[in-house]
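Engineer: Just passing along the structure, written as structure tokens.
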Amino acid sequence: MTAVPAGPDRPAGPAASPGPEAPGVPGAPGVPGTAGPLLAARGVSVFFPVGSQLVARLRHEERLLRAVDGVNLEIGRGETLALVGESGSGKSTLALALAGLRPVDHGEIQFDGRVLPASRSRADRRRIQMVFQDPYSSLNPRLTVGGMLRELLRVHHVVPRTEVDSYSEELLSLVGLDTGALSAYPRQFSGGQRQRVAIARALALRPDVLIADEPVSALDVSVQATILNLLRDLQGDLGLTLLLISHNLAVVRHLCDRVAVMYLGRIIEVAPTEQLFSAPRHPYTRGLLAAIPRLTESARDGGAPAIAGDPPSPLRIPSGCRFRTRCPIAQPRCEHDDPALAISPDDPRHLAACHFAFAPVPATSIADRDKEGPP
Amino acid sequence: MSENVLEVRDLHVRIASRRGTVRAVDGVSFEVPRGEAVGLVGESGSGKSMTLRAILGVLPPEAKVTSGQILLDGVDLVTLGSAELNRIRGPRLSMIFQEPMSALNPVMRVGRQIAEGPQVHLGHSRARAAERALELMHRVGIPDPERRFRAYPHEFSGGMRQRVMIAIALSCDPEIILCDEPTTALDVTIQDQILRLLAQLCRESGVSLVFVTHDLPVVAQVCQHIAVMYGGQLVERGDVREVLLDPRHPYTLGLVRSAPDFEYVRESLVPIPGSPPSLITPPAGCRFHPRCAFVEEDCRVTETPLRLLPGGRATACLHHERCREAVAADRARP
């Protein structure tokens with residue numbers, strides 16, 4: 001018996017064979033699938049007020065940081081979806097909103113076809129669990145691993161009291177730790193082992209969805225591989241739905257079925273993994289891919305950077321297309337015309353928010369025009 | 001002037017701790033050719049940062065260089081006193097840190113921080129140093145230098161702060177810049193910009209770099225040479241592309257295999273089993289032998305100093321031909 005067996009609250013079915021073709025994986029966000037997504041964000045926005053709101057009101061200006069700005073996203077049952085983007089793109093805030101750890105300002109979050117209320121029931125919270133980036137600060141230093149799991153299992157009544165210890169041991173073996181770890185404190189573990197404890201804690205509640213926010217960025221390279229392999233195996237064995245947040249596109253390529261790219265609070269491209277990597281449609285995605293250092297290439301060739309400039313502040317999002325200030329193919333219409341996420345005519349699973357994603361790419365850009373001087 | 005701007009010879013750094021003496025750096029030797037970049041790679045605890053700090057002369061108080069030489073143009077830095085070191089740090093040797101926010105002075109205008117070096121070390125007047133700072137800000141790609149000169153570090157983005165750090169490092173025209181994970185805290189598009197800037201500066205101004213990082217593809221971007229550290233020792237050294245594409249030490253091979261590679265997707269990543277060795281009581285023989293897949297009897301007993309291979313590369317592995325076979329087998333797989 002595995003530590004997280006197919007209990008009454010765990011759906012049976014073909015969920016253990018995930019993949020882009022697995023049943024229940026929707027063709028594309030916004031397109032109603034037959035089985036429906038397991039977890040969905042519909043027009044979700046999360047704003048952070050910045051500075052004095054009174055001064056802002058007196059001056060008739062808006063002082064809001066639009067961390068997530070009208071995001072639609074669907075995650076199919078058993079799917080592994082990656083959310084990638086630079087810091088400040090809103091990917092972690094979106095994850096917190098999906099997990100119910102951060103209230104949304106607009107829009108709604110649906111789970112299994114049902115809108116989740118602002119304050120979720122204990123049962124709803126159990127369904128979506130999170131693994132955080134830093135295993136040094138996300139574990140309680142005063143609790144042993146056993147104590148941590150016991151508290152969790154008692155509060156949520158996952159197993160009868162008499163089975164708490166044996167269930168805890170099963171959880172640890174599931175993530176590759178031996179049972180001696182139950183009586184150890186987090187400080188006694190290495191970074192990789194702590195991340196295993198964090199994963200065991202998230203799995204203890206038999207969640208349907210596991211959200212992992214940069215689960216390996218704080219770890220050494222050789223340890224990263226063990227955690228990534230563990231996540232992939234668990235996802236397959238338990239039929240978990242996995243939302244992986246990462247800035248590392250190489251990690252994403254290894255682990256995920258589908259990728260959503262965020263930029264300044266919006267999703268700007270979504271596609272099945274191989275398609276996104278082989279035929280990216282949004283100029284930002286293309287730049288992001290080109291910026292990845294490769295073993296076989298060198299910056300010493302003197303080429304220009306993949307994307308110039310810094311991302312704009314989320315407090316001052318550019319008008320029109322929010323990527324236009326760094327875009328190599330920006331046109332005059334991009335200054336006022338905000339592109340919506342549009343579906344590719346070739347593949348309904350590929351979406352991109354660029355006027356030229358599925359149209360011929362213009363030969364010149366605003367940048368070229370500016371260089372030549374005003375016409 | 002010699003061909004190598006920096007030569008590290010048989011460097012040993014020991015750290016006194018309650019549990020015993022930590023052999024943080026244990027017999028490391030490498031050289032940095034003039035105008036070229038050397039990547040020093042390893043995981044946390046491999047001794048790469050300690051090596052860098054020893055070169056700069058900023059070891060923590062409980063750490064000591066116990067033997068070895070650090071030759072900058074033939075002058076042994078280990079024997080110099082702090083006053084002499086102060087005259088070298090800046091005009092001849094400078095450093096770029098990982099966290100620009102904690103390395104910059106938060107209450108001093110950015111322009112003055114860049115101008116400080118030329119004023120102190122080169123004897124520039126205040127006005128001339130300011131001019132030099134503006135020129136450097138322009139050179140490292142800070143837009144609108146005249147206005148940004150008067151800004152404070154908190155007004156800059158992470159990438160711009162790192163450009164300020166680079167400008168400070170360049171301000172006195174050093175022969176060599178030590179970089180400690182300069183892009184680890186940056187986003188991938190900004191990392192790309194900074195790596196290209198460093199490569200360009202290296203090419204144009206002839207400055208040499210020692211580049212410490214744990215990220216193999218990043219090394220390939222900037223460096224011609226690579227030195228791989230494990231457990232306080234160098235285990236492999238050579239041309240960056242030769243070493244990364246055709247490793248001759250099982251640890252290098254393990255690093256290459258465990259990193260998710262963007263170019264080709266494998267069924268499963270191959271982690272290195274076990275954990276890094278204790279540097280208080282390191283394993284006998286080859287320090288990597290408890291984690292090595294190719295281990296033989298002699299690995300457990302024989303000391304494994306770097307040995308030269310044809311083509312100017314060096315490995316510490318007694319059975320390095322096994323790596324060659326493993327790489328060939330990896331390639332043969334579809």
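Identifiers in this document derive from the order of the structure tokens: chains are assigned A, B, ..., residues are numbered from 1 separately in each chain, and ligands are numbered from 1 in order of occurrence.
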Please report as number ranges by chain which residues of chain B come no farther than 8 Å from chain A, using only C-alpha atoms.
Structural biologist: B: 43-44, 157, 159, 187-193, 195-196, 199-200, 203, 214-218, 220-222, 241, 244-245, 254-255, 258-263, 265-266, 268-272
Engineer: Mind the document's chain letters and residue numbers, and return as a PDB file with N, CA and C atoms, in the first residue's frame the residues of segment 68-231 of chain B that DSSP labels alpha helix (DSSP H).
Structural biologist:
```
ATOM      1  N   SER B  82      48.164  44.303   5.323  1.00  0.00           N
ATOM      2  CA  SER B  82      46.885  44.862   4.914  1.00  0.00           C
ATOM      3  C   SER B  82      47.054  46.194   4.182  1.00  0.00           C
ATOM      4  N   ALA B  83      48.060  46.994   4.557  1.00  0.00           N
ATOM      5  CA  ALA B  83      48.255  48.274   3.881  1.00  0.00           C
ATOM      6  C   ALA B  83      48.652  48.049   2.428  1.00  0.00           C
ATOM      7  N   GLU B  84      49.536  47.069   2.220  1.00  0.00           N
ATOM      8  CA  GLU B  84      49.961  46.768   0.855  1.00  0.00           C
ATOM      9  C   GLU B  84      48.807  46.194   0.043  1.00  0.00           C
ATOM     10  N   LEU B  85      47.989  45.332   0.693  1.00  0.00           N
ATOM     11  CA  LEU B  85      46.827  44.764   0.010  1.00  0.00           C
ATOM     12  C   LEU B  85      45.850  45.858  -0.413  1.00  0.00           C
ATOM     13  N   ASN B  86      45.677  46.861   0.470  1.00  0.00           N
ATOM     14  CA  ASN B  86      44.754  47.945   0.156  1.00  0.00           C
ATOM     15  C   ASN B  86      45.175  48.705  -1.091  1.00  0.00           C
ATOM     16  N   ARG B  87      46.497  48.763  -1.326  1.00  0.00           N
ATOM     17  CA  ARG B  87      46.963  49.464  -2.526  1.00  0.00           C
ATOM     18  C   ARG B  87      46.745  48.623  -3.783  1.00  0.00           C
ATOM     19  N   ILE B  88      46.587  47.313  -3.593  1.00  0.00           N
ATOM     20  CA  ILE B  88      46.388  46.420  -4.744  1.00  0.00           C
ATOM     21  C   ILE B  88      44.905  46.257  -5.065  1.00  0.00           C
ATOM     22  N   PRO B 100      24.272  42.777  -5.101  1.00  0.00           N
ATOM     23  CA  PRO B 100      24.734  44.163  -5.213  1.00  0.00           C
ATOM     24  C   PRO B 100      24.111  45.069  -4.158  1.00  0.00           C
ATOM     25  N   MET B 101      22.892  44.718  -3.705  1.00  0.00           N
ATOM     26  CA  MET B 101      22.237  45.605  -2.745  1.00  0.00           C
ATOM     27  C   MET B 101      23.011  45.639  -1.430  1.00  0.00           C
ATOM     28  N   SER B 102      23.578  44.493  -1.023  1.00  0.00           N
ATOM     29  CA  SER B 102      24.298  44.514   0.247  1.00  0.00           C
ATOM     30  C   SER B 102      25.762  44.916   0.059  1.00  0.00           C
ATOM     31  N   ALA B 103      26.232  44.939  -1.190  1.00  0.00           N
ATOM     32  CA  ALA B 103      27.620  45.330  -1.413  1.00  0.00           C
ATOM     33  C   ALA B 103      27.746  46.831  -1.660  1.00  0.00           C
ATOM     34  N   VAL B 110      25.090  56.844  -6.138  1.00  0.00           N
ATOM     35  CA  VAL B 110      25.735  55.831  -6.957  1.00  0.00           C
ATOM     36  C   VAL B 110      26.970  56.374  -7.674  1.00  0.00           C
ATOM     37  N   GLY B 111      26.846  57.570  -8.237  1.00  0.00           N
ATOM     38  CA  GLY B 111      27.958  58.145  -8.980  1.00  0.00           C
ATOM     39  C   GLY B 111      29.187  58.331  -8.116  1.00  0.00           C
ATOM     40  N   ARG B 112      28.984  58.793  -6.873  1.00  0.00           N
ATOM     41  CA  ARG B 112      30.119  59.024  -5.976  1.00  0.00           C
ATOM     42  C   ARG B 112      30.775  57.713  -5.567  1.00  0.00           C
ATOM     43  N   GLN B 113      29.946  56.631  -5.475  1.00  0.00           N
ATOM     44  CA  GLN B 113      30.526  55.331  -5.130  1.00  0.00           C
ATOM     45  C   GLN B 113      31.448  54.851  -6.236  1.00  0.00           C
ATOM     46  N   ILE B 114      31.050  55.132  -7.487  1.00  0.00           N
ATOM     47  CA  ILE B 114      31.902  54.722  -8.608  1.00  0.00           C
ATOM     48  C   ILE B 114      33.146  55.609  -8.648  1.00  0.00           C
ATOM     49  N   ALA B 115      32.982  56.884  -8.297  1.00  0.00           N
ATOM     50  CA  ALA B 115      34.091  57.838  -8.383  1.00  0.00           C
ATOM     51  C   ALA B 115      35.089  57.674  -7.239  1.00  0.00           C
ATOM     52  N   GLU B 116      34.679  57.001  -6.162  1.00  0.00           N
ATOM     53  CA  GLU B 116      35.522  56.900  -4.975  1.00  0.00           C
ATOM     54  C   GLU B 116      36.871  56.247  -5.276  1.00  0.00           C
ATOM     55  N   GLY B 117      36.832  55.125  -6.021  1.00  0.00           N
ATOM     56  CA  GLY B 117      38.069  54.395  -6.338  1.00  0.00           C
ATOM     57  C   GLY B 117      39.088  55.267  -7.043  1.00  0.00           C
ATOM     58  N   PRO B 118      38.719  55.878  -8.188  1.00  0.00           N
ATOM     59  CA  PRO B 118      39.673  56.741  -8.888  1.00  0.00           C
ATOM     60  C   PRO B 118      40.196  57.879  -8.015  1.00  0.00           C
ATOM     61  N   GLN B 119      39.353  58.427  -7.125  1.00  0.00           N
ATOM     62  CA  GLN B 119      39.810  59.513  -6.251  1.00  0.00           C
ATOM     63  C   GLN B 119      40.870  59.006  -5.281  1.00  0.00           C
ATOM     64  N   VAL B 120      40.589  57.845  -4.657  1.00  0.00           N
ATOM     65  CA  VAL B 120      41.485  57.326  -3.629  1.00  0.00           C
ATOM     66  C   VAL B 120      42.742  56.718  -4.240  1.00  0.00           C
ATOM     67  N   HIS B 121      42.546  55.872  -5.263  1.00  0.00           N
ATOM     68  CA  HIS B 121      43.685  55.096  -5.760  1.00  0.00           C
ATOM     69  C   HIS B 121      44.455  55.790  -6.879  1.00  0.00           C
ATOM     70  N   ARG B 126      38.036  65.498  -7.560  1.00  0.00           N
ATOM     71  CA  ARG B 126      36.630  65.156  -7.431  1.00  0.00           C
ATOM     72  C   ARG B 126      35.918  65.266  -8.778  1.00  0.00           C
ATOM     73  N   ALA B 127      36.205  66.342  -9.491  1.00  0.00           N
ATOM     74  CA  ALA B 127      35.524  66.568 -10.767  1.00  0.00           C
ATOM     75  C   ALA B 127      35.963  65.544 -11.812  1.00  0.00           C
ATOM     76  N   ARG B 128      37.252  65.266 -11.824  1.00  0.00           N
ATOM     77  CA  ARG B 128      37.755  64.317 -12.822  1.00  0.00           C
ATOM     78  C   ARG B 128      37.237  62.908 -12.524  1.00  0.00           C
ATOM     79  N   ALA B 129      37.157  62.545 -11.219  1.00  0.00           N
ATOM     80  CA  ALA B 129      36.633  61.240 -10.834  1.00  0.00           C
ATOM     81  C   ALA B 129      35.165  61.119 -11.232  1.00  0.00           C
ATOM     82  N   ALA B 130      34.419  62.230 -11.083  1.00  0.00           N
ATOM     83  CA  ALA B 130      33.009  62.214 -11.465  1.00  0.00           C
ATOM     84  C   ALA B 130      32.875  61.997 -12.963  1.00  0.00           C
ATOM     85  N   GLU B 131      33.748  62.629 -13.709  1.00  0.00           N
ATOM     86  CA  GLU B 131      33.745  62.456 -15.159  1.00  0.00           C
ATOM     87  C   GLU B 131      33.983  60.991 -15.527  1.00  0.00           C
ATOM     88  N   ARG B 132      34.969  60.416 -14.834  1.00  0.00           N
ATOM     89  CA  ARG B 132      35.313  59.007 -15.037  1.00  0.00           C
ATOM     90  C   ARG B 132      34.104  58.125 -14.702  1.00  0.00           C
ATOM     91  N   ALA B 133      33.392  58.449 -13.620  1.00  0.00           N
ATOM     92  CA  ALA B 133      32.223  57.663 -13.217  1.00  0.00           C
ATOM     93  C   ALA B 133      31.147  57.715 -14.299  1.00  0.00           C
ATOM     94  N   LEU B 134      30.915  58.904 -14.857  1.00  0.00           N
ATOM     95  CA  LEU B 134      29.906  59.044 -15.904  1.00  0.00           C
ATOM     96  C   LEU B 134      30.266  58.194 -17.119  1.00  0.00           C
ATOM     97  N   GLU B 135      31.546  58.248 -17.464  1.00  0.00           N
ATOM     98  CA  GLU B 135      32.014  57.479 -18.610  1.00  0.00           C
ATOM     99  C   GLU B 135      31.811  55.974 -18.365  1.00  0.00           C
ATOM    100  N   LEU B 136      32.108  55.527 -17.118  1.00  0.00           N
ATOM    101  CA  LEU B 136      31.932  54.111 -16.781  1.00  0.00           C
ATOM    102  C   LEU B 136      30.460  53.713 -16.796  1.00  0.00           C
ATOM    103  N   MET B 137      29.603  54.598 -16.279  1.00  0.00           N
ATOM    104  CA  MET B 137      28.169  54.296 -16.251  1.00  0.00           C
ATOM    105  C   MET B 137      27.648  54.125 -17.667  1.00  0.00           C
ATOM    106  N   HIS B 138      28.152  54.953 -18.552  1.00  0.00           N
ATOM    107  CA  HIS B 138      27.768  54.837 -19.949  1.00  0.00           C
ATOM    108  C   HIS B 138      28.254  53.505 -20.517  1.00  0.00           C
ATOM    109  N   ARG B 139      29.497  53.173 -20.168  1.00  0.00           N
ATOM    110  CA  ARG B 139      30.112  51.977 -20.722  1.00  0.00           C
ATOM    111  C   ARG B 139      29.416  50.691 -20.266  1.00  0.00           C
ATOM    112  N   PRO B 145      23.087  58.435 -17.745  1.00  0.00           N
ATOM    113  CA  PRO B 145      24.038  58.471 -16.619  1.00  0.00           C
ATOM    114  C   PRO B 145      24.026  59.789 -15.859  1.00  0.00           C
ATOM    115  N   GLU B 146      23.839  60.943 -16.565  1.00  0.00           N
ATOM    116  CA  GLU B 146      23.891  62.236 -15.871  1.00  0.00           C
ATOM    117  C   GLU B 146      22.852  62.282 -14.758  1.00  0.00           C
ATOM    118  N   ARG B 147      21.651  61.759 -15.025  1.00  0.00           N
ATOM    119  CA  ARG B 147      20.589  61.790 -14.023  1.00  0.00           C
ATOM    120  C   ARG B 147      20.805  60.695 -12.972  1.00  0.00           C
ATOM    121  N   ARG B 148      21.206  59.494 -13.431  1.00  0.00           N
ATOM    122  CA  ARG B 148      21.352  58.371 -12.500  1.00  0.00           C
ATOM    123  C   ARG B 148      22.553  58.551 -11.572  1.00  0.00           C
ATOM    124  N   GLY B 158      17.602  45.381  -9.874  1.00  0.00           N
ATOM    125  CA  GLY B 158      18.677  44.431  -9.586  1.00  0.00           C
ATOM    126  C   GLY B 158      19.741  44.406 -10.667  1.00  0.00           C
ATOM    127  N   GLY B 159      19.289  44.416 -11.922  1.00  0.00           N
ATOM    128  CA  GLY B 159      20.236  44.371 -13.031  1.00  0.00           C
ATOM    129  C   GLY B 159      21.079  45.639 -13.097  1.00  0.00           C
ATOM    130  N   MET B 160      20.435  46.798 -12.847  1.00  0.00           N
ATOM    131  CA  MET B 160      21.157  48.075 -12.890  1.00  0.00           C
ATOM    132  C   MET B 160      22.152  48.174 -11.747  1.00  0.00           C
ATOM    133  N   ARG B 161      21.778  47.637 -10.565  1.00  0.00           N
ATOM    134  CA  ARG B 161      22.702  47.635  -9.428  1.00  0.00           C
ATOM    135  C   ARG B 161      23.940  46.808  -9.761  1.00  0.00           C
ATOM    136  N   GLN B 162      23.722  45.685 -10.447  1.00  0.00           N
ATOM    137  CA  GLN B 162      24.874  44.862 -10.800  1.00  0.00           C
ATOM    138  C   GLN B 162      25.752  45.595 -11.810  1.00  0.00           C
ATOM    139  N   ARG B 163      25.141  46.404 -12.681  1.00  0.00           N
ATOM    140  CA  ARG B 163      25.939  47.211 -13.608  1.00  0.00           C
ATOM    141  C   ARG B 163      26.766  48.248 -12.837  1.00  0.00           C
ATOM    142  N   VAL B 164      26.168  48.796 -11.761  1.00  0.00           N
ATOM    143  CA  VAL B 164      26.919  49.738 -10.924  1.00  0.00           C
ATOM    144  C   VAL B 164      28.123  49.033 -10.302  1.00  0.00           C
ATOM    145  N   MET B 165      27.890  47.809  -9.785  1.00  0.00           N
ATOM    146  CA  MET B 165      28.983  47.023  -9.210  1.00  0.00           C
ATOM    147  C   MET B 165      30.107  46.818 -10.225  1.00  0.00           C
ATOM    148  N   ILE B 166      29.702  46.521 -11.465  1.00  0.00           N
ATOM    149  CA  ILE B 166      30.700  46.281 -12.511  1.00  0.00           C
ATOM    150  C   ILE B 166      31.469  47.573 -12.783  1.00  0.00           C
ATOM    151  N   ALA B 167      30.758  48.708 -12.800  1.00  0.00           N
ATOM    152  CA  ALA B 167      31.421  49.994 -13.020  1.00  0.00           C
ATOM    153  C   ALA B 167      32.428  50.277 -11.904  1.00  0.00           C
ATOM    154  N   ILE B 168      32.045  49.962 -10.657  1.00  0.00           N
ATOM    155  CA  ILE B 168      32.972  50.175  -9.539  1.00  0.00           C
ATOM    156  C   ILE B 168      34.197  49.275  -9.699  1.00  0.00           C
ATOM    157  N   ALA B 169      33.947  48.009 -10.068  1.00  0.00           N
ATOM    158  CA  ALA B 169      35.058  47.067 -10.234  1.00  0.00           C
ATOM    159  C   ALA B 169      36.013  47.536 -11.324  1.00  0.00           C
ATOM    160  N   LEU B 170      35.478  48.185 -12.362  1.00  0.00           N
ATOM    161  CA  LEU B 170      36.303  48.625 -13.484  1.00  0.00           C
ATOM    162  C   LEU B 170      36.970  49.970 -13.234  1.00  0.00           C
ATOM    163  N   VAL B 188      16.494  35.664 -15.850  1.00  0.00           N
ATOM    164  CA  VAL B 188      17.246  35.102 -16.968  1.00  0.00           C
ATOM    165  C   VAL B 188      17.516  36.119 -18.086  1.00  0.00           C
ATOM    166  N   THR B 189      16.578  37.023 -18.362  1.00  0.00           N
ATOM    167  CA  THR B 189      16.842  38.003 -19.426  1.00  0.00           C
ATOM    168  C   THR B 189      17.879  39.029 -18.973  1.00  0.00           C
ATOM    169  N   ILE B 190      17.863  39.354 -17.675  1.00  0.00           N
ATOM    170  CA  ILE B 190      18.847  40.297 -17.140  1.00  0.00           C
ATOM    171  C   ILE B 190      20.209  39.609 -17.034  1.00  0.00           C
ATOM    172  N   GLN B 191      20.203  38.331 -16.622  1.00  0.00           N
ATOM    173  CA  GLN B 191      21.436  37.553 -16.565  1.00  0.00           C
ATOM    174  C   GLN B 191      22.117  37.550 -17.932  1.00  0.00           C
ATOM    175  N   ASP B 192      21.320  37.344 -18.966  1.00  0.00           N
ATOM    176  CA  ASP B 192      21.829  37.335 -20.335  1.00  0.00           C
ATOM    177  C   ASP B 192      22.516  38.671 -20.647  1.00  0.00           C
ATOM    178  N   GLN B 193      21.881  39.780 -20.250  1.00  0.00           N
ATOM    179  CA  GLN B 193      22.468  41.103 -20.502  1.00  0.00           C
ATOM    180  C   GLN B 193      23.799  41.270 -19.767  1.00  0.00           C
ATOM    181  N   ILE B 194      23.830  40.860 -18.486  1.00  0.00           N
ATOM    182  CA  ILE B 194      25.037  41.049 -17.678  1.00  0.00           C
ATOM    183  C   ILE B 194      26.178  40.157 -18.179  1.00  0.00           C
ATOM    184  N   LEU B 195      25.850  38.904 -18.539  1.00  0.00           N
ATOM    185  CA  LEU B 195      26.895  38.003 -19.040  1.00  0.00           C
ATOM    186  C   LEU B 195      27.506  38.551 -20.319  1.00  0.00           C
ATOM    187  N   ARG B 196      26.643  39.099 -21.195  1.00  0.00           N
ATOM    188  CA  ARG B 196      27.152  39.659 -22.445  1.00  0.00           C
ATOM    189  C   ARG B 196      28.021  40.890 -22.187  1.00  0.00           C
ATOM    190  N   LEU B 197      27.601  41.677 -21.181  1.00  0.00           N
ATOM    191  CA  LEU B 197      28.404  42.850 -20.826  1.00  0.00           C
ATOM    192  C   LEU B 197      29.784  42.434 -20.316  1.00  0.00           C
ATOM    193  N   LEU B 198      29.820  41.427 -19.416  1.00  0.00           N
ATOM    194  CA  LEU B 198      31.104  40.968 -18.870  1.00  0.00           C
ATOM    195  C   LEU B 198      31.992  40.412 -19.976  1.00  0.00           C
ATOM    196  N   ALA B 199      31.398  39.621 -20.879  1.00  0.00           N
ATOM    197  CA  ALA B 199      32.173  39.042 -21.976  1.00  0.00           C
ATOM    198  C   ALA B 199      32.738  40.151 -22.861  1.00  0.00           C
ATOM    199  N   GLN B 200      31.929  41.176 -23.086  1.00  0.00           N
ATOM    200  CA  GLN B 200      32.354  42.293 -23.934  1.00  0.00           C
ATOM    201  C   GLN B 200      33.498  43.077 -23.280  1.00  0.00           C
ATOM    202  N   LEU B 201      33.369  43.337 -21.965  1.00  0.00           N
ATOM    203  CA  LEU B 201      34.411  44.080 -21.257  1.00  0.00           C
ATOM    204  C   LEU B 201      35.722  43.313 -21.279  1.00  0.00           C
ATOM    205  N   CYS B 202      35.598  41.993 -21.093  1.00  0.00           N
ATOM    206  CA  CYS B 202      36.763  41.126 -21.087  1.00  0.00           C
ATOM    207  C   CYS B 202      37.465  41.218 -22.444  1.00  0.00           C
ATOM    208  N   ARG B 203      36.660  41.236 -23.512  1.00  0.00           N
ATOM    209  CA  ARG B 203      37.211  41.269 -24.859  1.00  0.00           C
ATOM    210  C   ARG B 203      37.831  42.634 -25.165  1.00  0.00           C
ATOM    211  N   GLU B 204      37.131  43.697 -24.764  1.00  0.00           N
ATOM    212  CA  GLU B 204      37.561  45.031 -25.172  1.00  0.00           C
ATOM    213  C   GLU B 204      38.682  45.606 -24.316  1.00  0.00           C
ATOM    214  N   SER B 205      38.599  45.376 -22.987  1.00  0.00           N
ATOM    215  CA  SER B 205      39.575  46.053 -22.137  1.00  0.00           C
ATOM    216  C   SER B 205      40.707  45.131 -21.714  1.00  0.00           C
ATOM    217  N   LEU B 216      26.648  25.612 -14.664  1.00  0.00           N
ATOM    218  CA  LEU B 216      27.565  25.255 -15.745  1.00  0.00           C
ATOM    219  C   LEU B 216      27.325  26.043 -17.036  1.00  0.00           C
ATOM    220  N   PRO B 217      26.076  26.166 -17.523  1.00  0.00           N
ATOM    221  CA  PRO B 217      25.889  26.914 -18.769  1.00  0.00           C
ATOM    222  C   PRO B 217      26.342  28.373 -18.655  1.00  0.00           C
ATOM    223  N   VAL B 218      26.244  28.950 -17.458  1.00  0.00           N
ATOM    224  CA  VAL B 218      26.697  30.333 -17.266  1.00  0.00           C
ATOM    225  C   VAL B 218      28.205  30.431 -17.478  1.00  0.00           C
ATOM    226  N   VAL B 219      28.945  29.439 -16.985  1.00  0.00           N
ATOM    227  CA  VAL B 219      30.392  29.421 -17.190  1.00  0.00           C
ATOM    228  C   VAL B 219      30.708  29.394 -18.678  1.00  0.00           C
ATOM    229  N   ALA B 220      29.954  28.558 -19.402  1.00  0.00           N
ATOM    230  CA  ALA B 220      30.205  28.426 -20.839  1.00  0.00           C
ATOM    231  C   ALA B 220      29.999  29.750 -21.564  1.00  0.00           C
ATOM    232  N   GLN B 221      29.168  30.644 -21.006  1.00  0.00           N
ATOM    233  CA  GLN B 221      28.897  31.921 -21.660  1.00  0.00           C
ATOM    234  C   GLN B 221      30.105  32.849 -21.625  1.00  0.00           C
ATOM    235  N   VAL B 222      30.793  32.877 -20.489  1.00  0.00           N
ATOM    236  CA  VAL B 222      31.783  33.925 -20.276  1.00  0.00           C
ATOM    237  C   VAL B 222      33.229  33.423 -20.321  1.00  0.00           C
TER     238      VAL B 222
END
```
Engineer: Identify, with DSSP run on backbone atoms, the residues in segment 25-128 of chain B assigned to strand (DSSP E), and express the list as a PyMOL selection string.
Structural biologist: chain B and resi 25-33+37-41+63-72+75-76+93-96
Engineer: Would you list the contacts of segment 353-356 of chain A as a list in words, taking every protein, DNA or RNA residue within 9 Å and counting only C-alpha atoms, but skipping same-chain residues closer than 4 positions in sequence?
Structural biologist: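 These residues fall inside the cut-off: Ile267, Ile268, Glu269, Arg281, His282, Pro283, Cys321, Ile329, Arg333, Cys334, Asp337, Asp338, Pro339, Ala340, Leu341, Ala342, Ile343, Pro360, Val361 and Pro362 of chain A.
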Engineer: So that I can see what lies close to Arg194 of chain A, please list as a VMD selection string the residues with an atom at most 12 Å from it, counting only C-alpha atoms and leaving out residues fewer than 2 positions away in the same chain.
Structural biologist: chain A and resid 131 to 141 144 to 145 172 175 to 177 181 184 to 192 196 to 201 215 to 216 218 to 219 223 227
Engineer: Write to file, as a compact mmCIF listing (two decimals), in the first residue's frame, the residues of the selection just made, with C-alpha atoms.
Structural biologist:
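Produced file out08.txt, reproduced below:
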```
# COMPACT_ATOMS: atom_id res chain seq x y z
CA VAL A 131 5.41 23.43 -1.46
CA PHE A 132 7.41 26.61 -1.02
CA GLN A 133 10.76 27.71 -2.38
CA ASP A 134 12.83 27.96 0.75
CA PRO A 135 12.87 24.76 2.81
CA TYR A 136 14.81 26.63 5.49
CA SER A 137 12.02 29.04 6.35
CA SER A 138 8.89 27.05 5.44
CA LEU A 139 9.29 24.41 8.16
CA ASN A 140 8.65 25.10 11.84
CA PRO A 141 12.07 24.83 13.54
CA THR A 144 9.97 17.48 14.80
CA VAL A 145 8.89 16.09 11.45
CA LEU A 172 8.27 9.60 4.64
CA VAL A 175 9.38 10.91 -0.41
CA GLY A 176 12.50 8.81 0.16
CA LEU A 177 13.29 9.53 3.82
CA ALA A 181 13.38 11.29 10.33
CA ALA A 184 14.33 14.78 13.89
CA TYR A 185 14.08 18.56 13.73
CA PRO A 186 14.33 20.46 10.42
CA ARG A 187 17.79 21.81 11.32
CA GLN A 188 19.14 18.25 11.25
CA PHE A 189 18.36 17.90 7.54
CA SER A 190 20.12 19.11 4.42
CA GLY A 191 18.27 21.41 2.01
CA GLY A 192 17.19 18.55 -0.25
CA ARG A 196 11.35 16.22 0.87
CA VAL A 197 9.81 16.88 4.31
CA ALA A 198 7.91 19.84 2.85
CA ILE A 199 6.60 17.62 0.05
CA ALA A 200 5.59 14.91 2.54
CA ARG A 201 3.73 17.55 4.56
CA PRO A 215 10.77 23.98 -5.32
CA VAL A 216 14.40 23.54 -6.38
CA ALA A 218 17.32 27.06 -3.30
CA LEU A 219 19.06 23.71 -3.79
CA VAL A 223 20.14 17.78 -5.33
CA ILE A 227 13.69 16.56 -6.10
```
Engineer: Do you have the atom CA of Arg23 of chain B-atom CA of Tyr230 of chain B distance handy?
Structural biologist: 11.9 Å
Engineer: Skipping near chain neighbours, those fewer than 5 positions away, what residues fall within 12 Å of Leu152 of chain A using only C-alpha atoms, listed as an MDAnalysis selection string?
Structural biologist: chainID A and resid 122 126 143 145:147 157:159 161 164 167:168 200:206
